[in-house]
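*Asks:* One file is attached below, final.pdb, containing PDB, C-alpha atoms and all ligand atoms.
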ATOM      1  CA  MET A   1      -4.310  36.529   4.937  1.00  0.00           C
ATOM      2  CA  GLY A   2      -1.030  35.999   6.786  1.00  0.00           C
ATOM      3  CA  ARG A   3      -2.702  33.921   9.423  1.00  0.00           C
ATOM      4  CA  PRO A   4      -3.550  30.771   7.450  1.00  0.00           C
ATOM      5  CA  ALA A   5       0.027  30.686   6.200  1.00  0.00           C
ATOM      6  CA  LEU A   6       1.278  30.754   9.779  1.00  0.00           C
ATOM      7  CA  MET A   7      -1.067  27.931  10.676  1.00  0.00           C
ATOM      8  CA  ILE A   8       0.181  25.822   7.789  1.00  0.00           C
ATOM      9  CA  LEU A   9       3.742  26.442   8.933  1.00  0.00           C
ATOM     10  CA  ALA A  10       2.831  25.417  12.488  1.00  0.00           C
ATOM     11  CA  ILE A  11       1.130  22.254  11.257  1.00  0.00           C
ATOM     12  CA  SER A  12       4.062  21.299   9.081  1.00  0.00           C
ATOM     13  CA  LEU A  13       6.433  21.791  12.023  1.00  0.00           C
ATOM     14  CA  VAL A  14       4.286  19.460  14.124  1.00  0.00           C
ATOM     15  CA  THR A  15       4.260  16.934  11.292  1.00  0.00           C
ATOM     16  CA  LEU A  16       8.039  17.200  10.957  1.00  0.00           C
ATOM     17  CA  SER A  17       8.642  16.633  14.646  1.00  0.00           C
ATOM     18  CA  ALA A  18       6.247  13.680  14.591  1.00  0.00           C
ATOM     19  CA  VAL A  19       8.076  12.187  11.628  1.00  0.00           C
ATOM     20  CA  HIS A  20      11.404  12.899  13.311  1.00  0.00           C
ATOM     21  CA  GLY A  21      10.169  11.125  16.454  1.00  0.00           C
ATOM     22  CA  THR A  22       9.051   8.140  14.409  1.00  0.00           C
ATOM     23  CA  ILE A  23      12.430   7.825  12.726  1.00  0.00           C
ATOM     24  CA  ILE A  24      14.226   7.840  16.083  1.00  0.00           C
ATOM     25  CA  HIS A  25      11.992   5.126  17.485  1.00  0.00           C
ATOM     26  CA  VAL A  26      11.900   2.717  14.575  1.00  0.00           C
ATOM     27  CA  GLU A  27      13.874  -0.406  15.359  1.00  0.00           C
ATOM     28  CA  ALA A  28      13.558  -2.412  12.216  1.00  0.00           C
ATOM     29  CA  VAL A  29      14.037  -6.146  12.301  1.00  0.00           C
ATOM     30  CA  GLU A  30      14.958  -7.806   9.035  1.00  0.00           C
ATOM     31  CA  TYR A  31      13.474 -11.217   8.270  1.00  0.00           C
ATOM     32  CA  THR A  32      15.257 -13.514   5.885  1.00  0.00           C
ATOM     33  CA  VAL A  33      13.677 -16.731   4.621  1.00  0.00           C
ATOM     34  CA  THR A  34      15.710 -19.407   2.860  1.00  0.00           C
ATOM     35  CA  ASN A  35      14.301 -22.677   1.597  1.00  0.00           C
ATOM     36  CA  GLN A  36      17.192 -25.124   1.693  1.00  0.00           C
ATOM     37  CA  ALA A  37      14.944 -28.073   0.872  1.00  0.00           C
ATOM     38  CA  GLU A  38      13.386 -26.834  -2.361  1.00  0.00           C
ATOM     39  CA  THR A  39      13.444 -30.214  -4.054  1.00  0.00           C
ATOM     40  CA  ALA A  40      12.179 -32.184  -1.023  1.00  0.00           C
ATOM     41  CA  PRO A  41       8.398 -32.824  -0.881  1.00  0.00           C
ATOM     42  CA  GLY A  42       8.040 -30.605   2.218  1.00  0.00           C
ATOM     43  CA  GLY A  43      10.102 -27.862   0.589  1.00  0.00           C
ATOM     44  CA  ILE A  44       7.760 -27.921  -2.404  1.00  0.00           C
ATOM     45  CA  ILE A  45       4.792 -27.744  -0.018  1.00  0.00           C
ATOM     46  CA  PHE A  46       6.429 -24.724   1.655  1.00  0.00           C
ATOM     47  CA  ASN A  47       6.835 -22.934  -1.681  1.00  0.00           C
ATOM     48  CA  ASN A  48       3.359 -23.823  -2.976  1.00  0.00           C
ATOM     49  CA  GLN A  49       1.175 -23.571   0.134  1.00  0.00           C
ATOM     50  CA  ILE A  50       3.027 -21.148   2.453  1.00  0.00           C
ATOM     51  CA  GLY A  51       5.682 -19.113   0.635  1.00  0.00           C
ATOM     52  CA  ALA A  52       8.582 -16.932   1.768  1.00  0.00           C
ATOM     53  CA  GLY A  53       6.497 -13.739   1.641  1.00  0.00           C
ATOM     54  CA  TYR A  54       3.859 -15.141   3.978  1.00  0.00           C
ATOM     55  CA  ALA A  55       6.595 -16.504   6.266  1.00  0.00           C
ATOM     56  CA  GLN A  56       8.207 -13.047   6.524  1.00  0.00           C
ATOM     57  CA  GLN A  57       4.836 -11.400   7.249  1.00  0.00           C
ATOM     58  CA  THR A  58       4.143 -13.977   9.953  1.00  0.00           C
ATOM     59  CA  MET A  59       7.554 -13.489  11.565  1.00  0.00           C
ATOM     60  CA  ASP A  60       6.911  -9.749  11.704  1.00  0.00           C
ATOM     61  CA  ALA A  61       3.353 -10.193  13.032  1.00  0.00           C
ATOM     62  CA  ALA A  62       4.663 -12.595  15.677  1.00  0.00           C
ATOM     63  CA  THR A  63       7.344 -10.114  16.736  1.00  0.00           C
ATOM     64  CA  GLN A  64       4.760  -7.350  17.124  1.00  0.00           C
ATOM     65  CA  LEU A  65       2.450  -9.616  19.156  1.00  0.00           C
ATOM     66  CA  ILE A  66       5.317 -10.833  21.384  1.00  0.00           C
ATOM     67  CA  TRP A  67       6.627  -7.315  22.096  1.00  0.00           C
ATOM     68  CA  GLY A  68       3.070  -6.364  23.045  1.00  0.00           C
ATOM     69  CA  LEU A  69       2.420  -9.434  25.214  1.00  0.00           C
ATOM     70  CA  PHE A  70       5.800  -9.036  26.920  1.00  0.00           C
ATOM     71  CA  GLN A  71       5.266  -5.267  27.376  1.00  0.00           C
ATOM     72  CA  GLN A  72       8.575  -4.605  25.649  1.00  0.00           C
ATOM     73  CA  THR A  73       7.800  -1.108  24.450  1.00  0.00           C
ATOM     74  CA  THR A  74      11.351   0.175  23.998  1.00  0.00           C
ATOM     75  CA  ALA A  75      14.529  -1.262  22.508  1.00  0.00           C
ATOM     76  CA  ALA A  76      16.091  -1.341  25.982  1.00  0.00           C
ATOM     77  CA  ASP A  77      13.412  -3.865  27.041  1.00  0.00           C
ATOM     78  CA  ARG A  78      14.255  -6.254  24.227  1.00  0.00           C
ATOM     79  CA  LYS A  79      17.086  -8.404  23.010  1.00  0.00           C
ATOM     80  CA  ASP A  80      19.395  -6.563  20.658  1.00  0.00           C
ATOM     81  CA  ILE A  81      18.434  -8.486  17.533  1.00  0.00           C
ATOM     82  CA  THR A  82      18.140  -6.805  14.160  1.00  0.00           C
ATOM     83  CA  GLN A  83      17.836  -9.848  11.906  1.00  0.00           C
ATOM     84  CA  VAL A  84      15.949 -13.116  12.219  1.00  0.00           C
ATOM     85  CA  LEU A  85      16.659 -15.962   9.819  1.00  0.00           C
ATOM     86  CA  LEU A  86      14.234 -18.711   8.881  1.00  0.00           C
ATOM     87  CA  LEU A  87      15.620 -21.799   7.197  1.00  0.00           C
ATOM     88  CA  ILE A  88      13.454 -24.520   5.746  1.00  0.00           C
ATOM     89  CA  VAL A  89      15.659 -27.584   6.161  1.00  0.00           C
ATOM     90  CA  GLU A  90      15.089 -31.149   5.011  1.00  0.00           C
ATOM     91  CA  ASN A  91      14.723 -32.511   8.544  1.00  0.00           C
ATOM     92  CA  ILE A  92      15.723 -31.813  12.135  1.00  0.00           C
ATOM     93  CA  VAL A  93      17.025 -34.828  14.041  1.00  0.00           C
ATOM     94  CA  ILE A  94      18.528 -34.417  17.505  1.00  0.00           C
ATOM     95  CA  ASN A  95      19.702 -37.524  19.374  1.00  0.00           C
ATOM     96  CA  GLY A  96      17.722 -39.698  17.007  1.00  0.00           C
ATOM     97  CA  GLN A  97      14.467 -37.816  17.483  1.00  0.00           C
ATOM     98  CA  SER A  98      12.759 -35.724  14.799  1.00  0.00           C
ATOM     99  CA  TYR A  99      11.536 -32.211  15.592  1.00  0.00           C
ATOM    100  CA  PRO A 100       9.203 -29.893  13.648  1.00  0.00           C
ATOM    101  CA  ALA A 101      11.355 -26.831  14.366  1.00  0.00           C
ATOM    102  CA  VAL A 102      14.253 -25.556  16.424  1.00  0.00           C
ATOM    103  CA  THR A 103      15.524 -22.093  17.341  1.00  0.00           C
ATOM    104  CA  GLY A 104      18.963 -20.924  18.398  1.00  0.00           C
ATOM    105  CA  ASN A 105      19.680 -17.231  18.953  1.00  0.00           C
ATOM    106  CA  ASN A 106      18.192 -15.457  15.929  1.00  0.00           C
ATOM    107  CA  GLN A 107      17.878 -18.467  13.643  1.00  0.00           C
ATOM    108  CA  ILE A 108      14.751 -20.583  13.275  1.00  0.00           C
ATOM    109  CA  GLN A 109      14.775 -23.879  11.401  1.00  0.00           C
ATOM    110  CA  VAL A 110      11.576 -25.583  10.249  1.00  0.00           C
ATOM    111  CA  SER A 111      11.602 -29.178   9.041  1.00  0.00           C
ATOM    112  CA  ALA A 112      10.371 -29.847   5.502  1.00  0.00           C
ATOM    113  CA  ASP A 113       9.784 -33.481   6.502  1.00  0.00           C
ATOM    114  CA  TYR A 114       7.425 -32.286   9.228  1.00  0.00           C
ATOM    115  CA  LEU A 115       5.474 -30.055   6.821  1.00  0.00           C
ATOM    116  CA  ASN A 116       5.226 -32.955   4.373  1.00  0.00           C
ATOM    117  CA  GLY A 117       3.929 -35.365   7.008  1.00  0.00           C
ATOM    118  CA  TYR A 118       1.492 -32.910   8.600  1.00  0.00           C
ATOM    119  CA  ASN A 119      -2.118 -34.040   8.511  1.00  0.00           C
ATOM    120  CA  GLY A 120      -4.327 -30.941   8.316  1.00  0.00           C
ATOM    121  CA  ASP A 121      -4.017 -27.268   7.413  1.00  0.00           C
ATOM    122  CA  VAL A 122      -0.250 -27.005   6.943  1.00  0.00           C
ATOM    123  CA  LYS A 123      -0.260 -23.194   6.602  1.00  0.00           C
ATOM    124  CA  GLN A 124      -2.087 -22.816   9.904  1.00  0.00           C
ATOM    125  CA  GLU A 125       0.298 -25.237  11.617  1.00  0.00           C
ATOM    126  CA  PHE A 126       3.307 -23.410  10.151  1.00  0.00           C
ATOM    127  CA  THR A 127       1.910 -20.114  11.464  1.00  0.00           C
ATOM    128  CA  GLY A 128       1.530 -21.562  14.967  1.00  0.00           C
ATOM    129  CA  ILE A 129       5.097 -22.906  14.830  1.00  0.00           C
ATOM    130  CA  ILE A 130       6.398 -19.453  13.882  1.00  0.00           C
ATOM    131  CA  TYR A 131       4.638 -17.810  16.857  1.00  0.00           C
ATOM    132  CA  HIS A 132       6.196 -20.429  19.148  1.00  0.00           C
ATOM    133  CA  GLU A 133       9.699 -20.202  17.666  1.00  0.00           C
ATOM    134  CA  MET A 134       9.682 -16.393  17.433  1.00  0.00           C
ATOM    135  CA  THR A 135       8.953 -16.395  21.170  1.00  0.00           C
ATOM    136  CA  HIS A 136      12.233 -18.273  21.698  1.00  0.00           C
ATOM    137  CA  VAL A 137      13.989 -15.536  19.727  1.00  0.00           C
ATOM    138  CA  TRP A 138      12.646 -12.775  22.014  1.00  0.00           C
ATOM    139  CA  GLN A 139      11.995 -14.332  25.443  1.00  0.00           C
ATOM    140  CA  TRP A 140      14.421 -14.251  28.392  1.00  0.00           C
ATOM    141  CA  ASN A 141      15.577 -17.610  29.735  1.00  0.00           C
ATOM    142  CA  GLY A 142      16.470 -16.689  33.305  1.00  0.00           C
ATOM    143  CA  ALA A 143      20.119 -16.344  32.288  1.00  0.00           C
ATOM    144  CA  GLY A 144      20.094 -20.094  31.667  1.00  0.00           C
ATOM    145  CA  GLN A 145      18.552 -20.950  35.064  1.00  0.00           C
ATOM    146  CA  ALA A 146      14.908 -21.428  34.037  1.00  0.00           C
ATOM    147  CA  ARG A 147      13.665 -24.937  33.248  1.00  0.00           C
ATOM    148  CA  GLY A 148      13.267 -25.743  29.578  1.00  0.00           C
ATOM    149  CA  GLU A 149       9.664 -26.737  30.318  1.00  0.00           C
ATOM    150  CA  LEU A 150       8.818 -23.200  31.458  1.00  0.00           C
ATOM    151  CA  ILE A 151      10.559 -21.723  28.416  1.00  0.00           C
ATOM    152  CA  GLU A 152       8.452 -24.026  26.205  1.00  0.00           C
ATOM    153  CA  GLY A 153       5.318 -23.196  28.194  1.00  0.00           C
ATOM    154  CA  ILE A 154       5.802 -19.483  27.596  1.00  0.00           C
ATOM    155  CA  ALA A 155       6.338 -20.114  23.873  1.00  0.00           C
ATOM    156  CA  ASP A 156       3.094 -22.104  23.696  1.00  0.00           C
ATOM    157  CA  PHE A 157       1.334 -19.403  25.768  1.00  0.00           C
ATOM    158  CA  VAL A 158       2.197 -16.941  22.999  1.00  0.00           C
ATOM    159  CA  ARG A 159       0.969 -19.438  20.384  1.00  0.00           C
ATOM    160  CA  LEU A 160      -2.270 -19.723  22.393  1.00  0.00           C
ATOM    161  CA  LYS A 161      -2.663 -15.930  22.558  1.00  0.00           C
ATOM    162  CA  ALA A 162      -2.029 -15.732  18.807  1.00  0.00           C
ATOM    163  CA  ASN A 163      -4.971 -18.116  18.438  1.00  0.00           C
ATOM    164  CA  TYR A 164      -3.024 -20.822  16.632  1.00  0.00           C
ATOM    165  CA  PRO A 165      -3.262 -23.758  19.055  1.00  0.00           C
ATOM    166  CA  ALA A 166      -1.978 -27.069  17.700  1.00  0.00           C
ATOM    167  CA  ASN A 167      -4.033 -30.220  17.220  1.00  0.00           C
ATOM    168  CA  GLY A 168      -3.876 -32.454  20.278  1.00  0.00           C
ATOM    169  CA  TRP A 169      -3.028 -29.679  22.722  1.00  0.00           C
ATOM    170  CA  ALA A 170      -3.780 -30.025  26.441  1.00  0.00           C
ATOM    171  CA  GLN A 171      -7.116 -28.544  27.463  1.00  0.00           C
ATOM    172  CA  PRO A 172      -7.428 -26.099  30.395  1.00  0.00           C
ATOM    173  CA  GLY A 173      -6.960 -28.060  33.629  1.00  0.00           C
ATOM    174  CA  ASP A 174      -5.029 -30.900  31.968  1.00  0.00           C
ATOM    175  CA  GLY A 175      -1.671 -32.175  33.193  1.00  0.00           C
ATOM    176  CA  THR A 176       0.029 -33.494  36.304  1.00  0.00           C
ATOM    177  CA  THR A 177       2.577 -30.762  37.121  1.00  0.00           C
ATOM    178  CA  TRP A 178       2.733 -27.048  36.349  1.00  0.00           C
ATOM    179  CA  ASP A 179       6.147 -27.450  34.739  1.00  0.00           C
ATOM    180  CA  GLN A 180       5.225 -30.330  32.466  1.00  0.00           C
ATOM    181  CA  GLY A 181       6.009 -27.992  29.587  1.00  0.00           C
ATOM    182  CA  TYR A 182       4.435 -26.956  26.298  1.00  0.00           C
ATOM    183  CA  SER A 183       0.636 -26.683  26.246  1.00  0.00           C
ATOM    184  CA  VAL A 184       0.098 -27.949  29.835  1.00  0.00           C
ATOM    185  CA  THR A 185       2.306 -25.147  31.174  1.00  0.00           C
ATOM    186  CA  ALA A 186       0.848 -22.684  28.642  1.00  0.00           C
ATOM    187  CA  ARG A 187      -2.706 -23.327  29.926  1.00  0.00           C
ATOM    188  CA  PHE A 188      -1.505 -22.876  33.518  1.00  0.00           C
ATOM    189  CA  LEU A 189       0.290 -19.624  32.636  1.00  0.00           C
ATOM    190  CA  ASP A 190      -2.927 -18.442  30.971  1.00  0.00           C
ATOM    191  CA  TYR A 191      -4.737 -19.126  34.263  1.00  0.00           C
ATOM    192  CA  CYS A 192      -2.076 -17.124  36.148  1.00  0.00           C
ATOM    193  CA  ASP A 193      -2.401 -14.328  33.588  1.00  0.00           C
ATOM    194  CA  GLY A 194      -6.111 -14.275  34.358  1.00  0.00           C
ATOM    195  CA  LEU A 195      -5.342 -13.717  38.044  1.00  0.00           C
ATOM    196  CA  ARG A 196      -3.069 -10.794  37.218  1.00  0.00           C
ATOM    197  CA  ASN A 197      -3.294  -9.210  33.813  1.00  0.00           C
ATOM    198  CA  GLY A 198       0.231  -9.089  32.348  1.00  0.00           C
ATOM    199  CA  PHE A 199       1.546 -11.842  34.629  1.00  0.00           C
ATOM    200  CA  VAL A 200       3.479 -13.572  31.839  1.00  0.00           C
ATOM    201  CA  ALA A 201       5.012 -10.238  30.794  1.00  0.00           C
ATOM    202  CA  GLU A 202       6.126  -9.593  34.377  1.00  0.00           C
ATOM    203  CA  LEU A 203       7.457 -13.141  34.699  1.00  0.00           C
ATOM    204  CA  ASN A 204       9.439 -12.794  31.477  1.00  0.00           C
ATOM    205  CA  LYS A 205      10.876  -9.444  32.647  1.00  0.00           C
ATOM    206  CA  LYS A 206      12.036 -11.069  35.886  1.00  0.00           C
ATOM    207  CA  MET A 207      13.637 -13.857  33.859  1.00  0.00           C
ATOM    208  CA  ARG A 208      16.064 -11.446  32.234  1.00  0.00           C
ATOM    209  CA  ASP A 209      18.699 -11.899  34.955  1.00  0.00           C
ATOM    210  CA  GLY A 210      17.852 -15.199  36.619  1.00  0.00           C
ATOM    211  CA  TYR A 211      15.067 -17.488  37.691  1.00  0.00           C
ATOM    212  CA  SER A 212      13.324 -18.642  40.856  1.00  0.00           C
ATOM    213  CA  ASP A 213       9.949 -20.345  41.464  1.00  0.00           C
ATOM    214  CA  ASN A 214       9.476 -17.539  44.005  1.00  0.00           C
ATOM    215  CA  PHE A 215       8.699 -15.241  41.066  1.00  0.00           C
ATOM    216  CA  PHE A 216       5.164 -16.695  41.218  1.00  0.00           C
ATOM    217  CA  MET A 217       4.932 -15.757  44.904  1.00  0.00           C
ATOM    218  CA  ASP A 218       6.297 -12.280  44.191  1.00  0.00           C
ATOM    219  CA  LEU A 219       3.691 -11.634  41.516  1.00  0.00           C
ATOM    220  CA  LEU A 220       0.641 -13.570  42.737  1.00  0.00           C
ATOM    221  CA  ARG A 221       1.171 -13.911  46.516  1.00  0.00           C
ATOM    222  CA  LYS A 222       0.901 -17.700  46.297  1.00  0.00           C
ATOM    223  CA  SER A 223       3.490 -20.395  45.742  1.00  0.00           C
ATOM    224  CA  VAL A 224       3.533 -21.992  42.308  1.00  0.00           C
ATOM    225  CA  ASP A 225       2.434 -25.301  43.903  1.00  0.00           C
ATOM    226  CA  GLN A 226      -0.552 -23.592  45.587  1.00  0.00           C
ATOM    227  CA  LEU A 227      -1.451 -21.934  42.281  1.00  0.00           C
ATOM    228  CA  TRP A 228      -1.294 -25.308  40.522  1.00  0.00           C
ATOM    229  CA  SER A 229      -3.613 -26.832  43.190  1.00  0.00           C
ATOM    230  CA  ASP A 230      -6.050 -23.919  42.817  1.00  0.00           C
ATOM    231  CA  TYR A 231      -5.923 -24.280  39.041  1.00  0.00           C
ATOM    232  CA  LYS A 232      -6.595 -28.028  39.123  1.00  0.00           C
ATOM    233  CA  ALA A 233      -9.434 -27.510  41.630  1.00  0.00           C
ATOM    234  CA  GLN A 234     -11.046 -24.918  39.351  1.00  0.00           C
ATOM    235  CA  TYR A 235     -11.340 -27.578  36.639  1.00  0.00           C
ATOM    236  CA  GLY A 236     -12.353 -30.280  39.126  1.00  0.00           C
ATOM    237  CA  ASN A 237      -9.360 -32.543  38.607  1.00  0.00           C
TER     238      ASN A 237
HETATM  239 ZN    ZN B   1      10.067 -24.491  21.726  1.00  0.00          ZN
END
Any chance you could put this one into structure tokens?
*Replies:*
Amino acid sequence: MGRPALMILAISLVTLSAVHGTIIHVEAVEYTVTNQAETAPGGIIFNNQIGAGYAQQTMDAATQLIWGLFQQTTAADRKDITQVLLLIVENIVINGQSYPAVTGNNQIQVSADYLNGYNGDVKQEFTGIIYHEMTHVWQWNGAGQARGELIEGIADFVRLKANYPANGWAQPGDGTTWDQGYSVTARFLDYCDGLRNGFVAELNKKMRDGYSDNFFMDLLRKSVDQLWSDYKAQYGN
């Protein structure tokens, strides 16, 4: 009867080492949500129709999706960020123009005014915004050399992959230049990703230390302008 006992011991050792391994590899990110516009109409909408708990869950889900899409499997692949803050603010006005959301480093701001004025499913729109903004938290920016339009295109590519496209988005094949930004660039990047599975992940990895349009050539053996022509031809425009 000594044998089953030995087996139990062996199993518990395996379990222990597995648990030990898990502890070593957990890199927890803390998500903090603060509604600074609680008395504004949009702040009330946030509390009643979205909620801090849902916002935290969405930030975590977005992080998991982004790390997967970007193939960032270890901490060394990622930015060293342990806390992400979400602030619901009354409005976001930059140079006289209103924005739905803005992200700097590890802080995301979402405009209560925007939530209040949104025509449609505000929770769904908020979720899409979080996928986009969380991408800014985690993505590389070519050490400041990449165009803002590409940065925004990658963020909308993630939003597309999360299946939360916004109303009024460009359709596949739309747009006049590949680096028009936002959904036009996102659709083009999705096309490139179809040519080489994981293209956007590879592009983002290359953007850790700098940026060049030649990254498209390196990864897809065609210039970005040729790829754009091919893409437009595929949709007959
Ligand atoms: Zn953005």
*Asks:* Can you tell me which residues sit at most 8 Å away from ligand ZN 1 (chain B), counting all atoms listed in the file, written as number ranges by chain?
*Replies:* A: 101-103, 132-133, 136, 151-152, 155-156, 182
*Asks:* Hey, what comes out of the PyMOL selection byres (((chain A and resi 42-44) around 8) and not hetatm) on this file? Could you write it as a PyMOL selection string?
*Replies:* chain A and resi 35-41+45-48+88-90+111-117
*Asks:* With the file shown as input, list the residues that the PyMOL selection byres (((chain A and resi 58) around 10) and not hetatm) selects, as a list of chain:residue names.
*Replies:* A:Tyr31, A:Ala52, A:Gly53, A:Tyr54, A:Ala55, A:Gln56, A:Gln57, A:Met59, A:Asp60, A:Ala61, A:Ala62, A:Thr63, A:Gln64, A:Phe126, A:Thr127, A:Gly128, A:Ile130, A:Tyr131, A:Met134
*Asks:* For A:Ser183, which of A:Arg196, A:Arg147, A:Lys161, A:Lys123 is the closest residue, counting only C-alpha atoms?
*Replies:*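 Nearest candidate to A:Ser183 out of A:Arg196, A:Arg147, A:Lys161, A:Lys123: A:Lys161.
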*Asks:* Between atom CA of A:Asn141 and atom CA of A:Leu220, what is the distance in Å, rounded to a tenth?
*Replies:*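 Interatomic distance here is 20.2 Å.
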*Asks:* Would you compute the box with edges along x, y and z of the file around stretch 55-74 of chain A, including every atom the file lists for it and 8 Å extra on each side, and give its centre and edge lengths in Å to one decimal, as AutoDock Vina command-line options?
*Replies:*
--center_x 6.9 --center_y -8.2 --center_z 16.8 --size_x 24.9 --size_y 32.7 --size_z 37.1
*Asks:* Report as a list in words all protein, DNA and RNA residues lying within 10 Å of A:Tyr235, evaluated on all atoms listed in the file, omitting residues in the same chain fewer than 5 positions from it.
*Replies:*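 These residues fall inside the cut-off: Pro172, Gly173, Asp174 and Asp230 of chain A.
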*Asks:* Limited to C-alpha atoms, could you put the picked residues into a file as a CSV table (one decimal), keeping the file's coordinate frame?
*Replies:*
chain,number,residue,atom,x,y,z
A,172,PRO,CA,-7.4,-26.1,30.4
A,173,GLY,CA,-7.0,-28.1,33.6
A,174,ASP,CA,-5.0,-30.9,32.0
A,230,ASP,CA,-6.0,-23.9,42.8
*Asks:* For A:Ala166, list every protein, DNA or RNA residue within 9 Å, evaluated using all atoms listed in the file, and leave out those in the same chain fewer than 6 positions away; present the list as a list in words.
*Replies:*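 Skipping anything fewer than 6 positions along the chain leaves Gln124, Glu125, Gly128, Ile129, Arg159, Leu160 and Ser183 of chain A.
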*Asks:* If I take atom CA of A:Ala143 and atom CA of A:Ser229, how far is one from the other in Å, to one decimal?
*Replies:*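 Computing it gives 28.1 Å between the two atoms.
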*Asks:* Suppose you want the space between atom CA of A:Glu202 and atom CA of A:Phe70; what is it in Å?
*Replies:*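 Result for atom CA of A:Glu202 versus atom CA of A:Phe70: 7.5 Å, one decimal.
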*Asks:* Once the PyMOL selection byres (((chain A and resi 227) around 12) and not hetatm) has been applied to the shown file, what residues remain in the selection, as a count of residues only?
*Replies:* 30
*Asks:* Counting all atoms listed in the file, which residue out of A:Asn167, A:Trp67, A:Gly51, A:Gly148 sits closest to A:Lys79?
*Replies:*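 Distance minimum relative to A:Lys79 lands on A:Trp67.
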*Asks:* Please reconstruct the missing atoms of stretch 27-46 of chain A (target: N, CA and C atoms) and return them as an mmCIF file, keeping the file's coordinate frame.
*Replies:*
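Saved result, part.cif, follows:
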data_model
loop_
_atom_site.group_PDB
_atom_site.id
_atom_site.type_symbol
_atom_site.label_atom_id
_atom_site.label_comp_id
_atom_site.auth_asym_id
_atom_site.auth_seq_id
_atom_site.Cartn_x
_atom_site.Cartn_y
_atom_site.Cartn_z
ATOM 1 N N GLU A 27 12.808 0.589 15.251
ATOM 2 C CA GLU A 27 13.874 -0.406 15.359
ATOM 3 C C GLU A 27 13.477 -1.534 14.428
ATOM 4 N N ALA A 28 13.975 -1.456 13.222
ATOM 5 C CA ALA A 28 13.558 -2.412 12.216
ATOM 6 C C ALA A 28 14.244 -3.745 12.441
ATOM 7 N N VAL A 29 13.474 -4.804 12.278
ATOM 8 C CA VAL A 29 14.037 -6.146 12.301
ATOM 9 C C VAL A 29 13.905 -6.691 10.883
ATOM 10 N N GLU A 30 14.974 -7.260 10.386
ATOM 11 C CA GLU A 30 14.958 -7.806 9.035
ATOM 12 C C GLU A 30 14.693 -9.314 9.123
ATOM 13 N N TYR A 31 13.808 -9.789 8.274
ATOM 14 C CA TYR A 31 13.474 -11.217 8.270
ATOM 15 C C TYR A 31 13.927 -11.833 6.955
ATOM 16 N N THR A 32 14.726 -12.863 7.075
ATOM 17 C CA THR A 32 15.257 -13.514 5.885
ATOM 18 C C THR A 32 14.793 -14.965 5.861
ATOM 19 N N VAL A 33 14.206 -15.371 4.750
ATOM 20 C CA VAL A 33 13.677 -16.731 4.621
ATOM 21 C C VAL A 33 14.440 -17.454 3.519
ATOM 22 N N THR A 34 14.978 -18.615 3.844
ATOM 23 C CA THR A 34 15.710 -19.407 2.860
ATOM 24 C C THR A 34 15.183 -20.839 2.868
ATOM 25 N N ASN A 35 14.752 -21.285 1.724
ATOM 26 C CA ASN A 35 14.301 -22.677 1.597
ATOM 27 C C ASN A 35 15.472 -23.517 1.112
ATOM 28 N N GLN A 36 16.041 -24.285 2.037
ATOM 29 C CA GLN A 36 17.192 -25.124 1.693
ATOM 30 C C GLN A 36 16.759 -26.523 1.266
ATOM 31 N N ALA A 37 15.456 -26.731 1.198
ATOM 32 C CA ALA A 37 14.944 -28.073 0.872
ATOM 33 C C ALA A 37 13.990 -27.994 -0.317
ATOM 34 N N GLU A 38 14.330 -27.138 -1.279
ATOM 35 C CA GLU A 38 13.386 -26.834 -2.361
ATOM 36 C C GLU A 38 12.953 -28.042 -3.187
ATOM 37 N N THR A 39 13.815 -29.055 -3.241
ATOM 38 C CA THR A 39 13.444 -30.214 -4.054
ATOM 39 C C THR A 39 12.792 -31.324 -3.226
ATOM 40 N N ALA A 40 12.835 -31.198 -1.900
ATOM 41 C CA ALA A 40 12.179 -32.184 -1.023
ATOM 42 C C ALA A 40 10.670 -31.947 -1.048
ATOM 43 N N PRO A 41 9.863 -32.993 -0.834
ATOM 44 C CA PRO A 41 8.398 -32.824 -0.881
ATOM 45 C C PRO A 41 7.902 -31.699 0.043
ATOM 46 N N GLY A 42 8.460 -31.640 1.256
ATOM 47 C CA GLY A 42 8.040 -30.605 2.218
ATOM 48 C C GLY A 42 8.487 -29.209 1.793
ATOM 49 N N GLY A 43 9.618 -29.143 1.100
ATOM 50 C CA GLY A 43 10.102 -27.862 0.589
ATOM 51 C C GLY A 43 9.210 -27.350 -0.526
ATOM 52 N N ILE A 44 8.705 -28.283 -1.333
ATOM 53 C CA ILE A 44 7.760 -27.921 -2.404
ATOM 54 C C ILE A 44 6.438 -27.462 -1.787
ATOM 55 N N ILE A 45 6.011 -28.154 -0.743
ATOM 56 C CA ILE A 45 4.792 -27.744 -0.018
ATOM 57 C C ILE A 45 4.972 -26.338 0.550
ATOM 58 N N PHE A 46 6.165 -26.069 1.126
ATOM 59 C CA PHE A 46 6.429 -24.724 1.655
ATOM 60 C C PHE A 46 6.273 -23.681 0.554
#
